[in-house]
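> Before I ask anything, let me first share the structure, which is written out below as structure tokens.
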Amino acid sequence: MPIELKPETEALIRQDVQRGAYRDATEFVEHAVAMLHGQEEWLSAMRSEIASGIEAGYASARRGELIDEQQVRSNMAARKQKWLTRSRNLA
């Protein structure tokens, strides 16, 4: 599947390949696609939970019950890690 990349994107790929983390651009792209696919899979699986969480958060905010940004990020990271661990164990 031929694809066209912006010169800036090609430069980023070349930099990462030159650092030695990947054998070539193909390996880099395969790794990037796998990571992106994992993120999309997680979002798809969690879509309804995310939506209900947003609704619950909005209702809490309207009542004045707020948590800070760092706590939100920490909670989301923990949930994502739990999901990834569970997904790997099922595979």
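Naming scheme: A, B, ... for chains in displayed order of the structure tokens; residues 1 onward per chain; ligands 1 onward as shown.
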Do you know which residues are at most 10 Å from range 37-51 of chain A counting only C-alpha atoms, after dropping those on the same chain fewer than 2 positions away, and could you put them as a ChimeraX atom specification?

/A:31-35,53-57,76,79-80,83-84,87

> Looking only at the backbone, which of the residues in chain A does DSSP tag as alpha helix (DSSP H), as a ChimeraX atom specification?

/A:7-18,25-62,69-90

> Mind pulling up the distance from CA of Arg73 in chain A to CA of Arg86 in chain A?

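Between CA of Arg86 in chain A and CA of Arg73 in chain A the gap is 19.9 Å.
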
> Could you give me, as JSON, numbers by chain, the residues within 12 Å of Val29 in chain A, counting only C-alpha atoms and dropping anything in the same chain fewer than 4 positions from it?

{"A": [3, 5, 9, 10, 12, 13, 14, 16, 17, 22, 23, 24, 25, 33, 34, 35, 36, 37]}

> What is the CA of Lys82 in chain A to CA of Phe28 in chain A distance in Å?

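These atoms are spaced 26.3 Å apart.
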
> Take CA of Pro2 in chain A and CA of Glu30 in chain A and report the distance between them in Å, one decimal.

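CA of Pro2 in chain A sits 13.7 Å away from CA of Glu30 in chain A.
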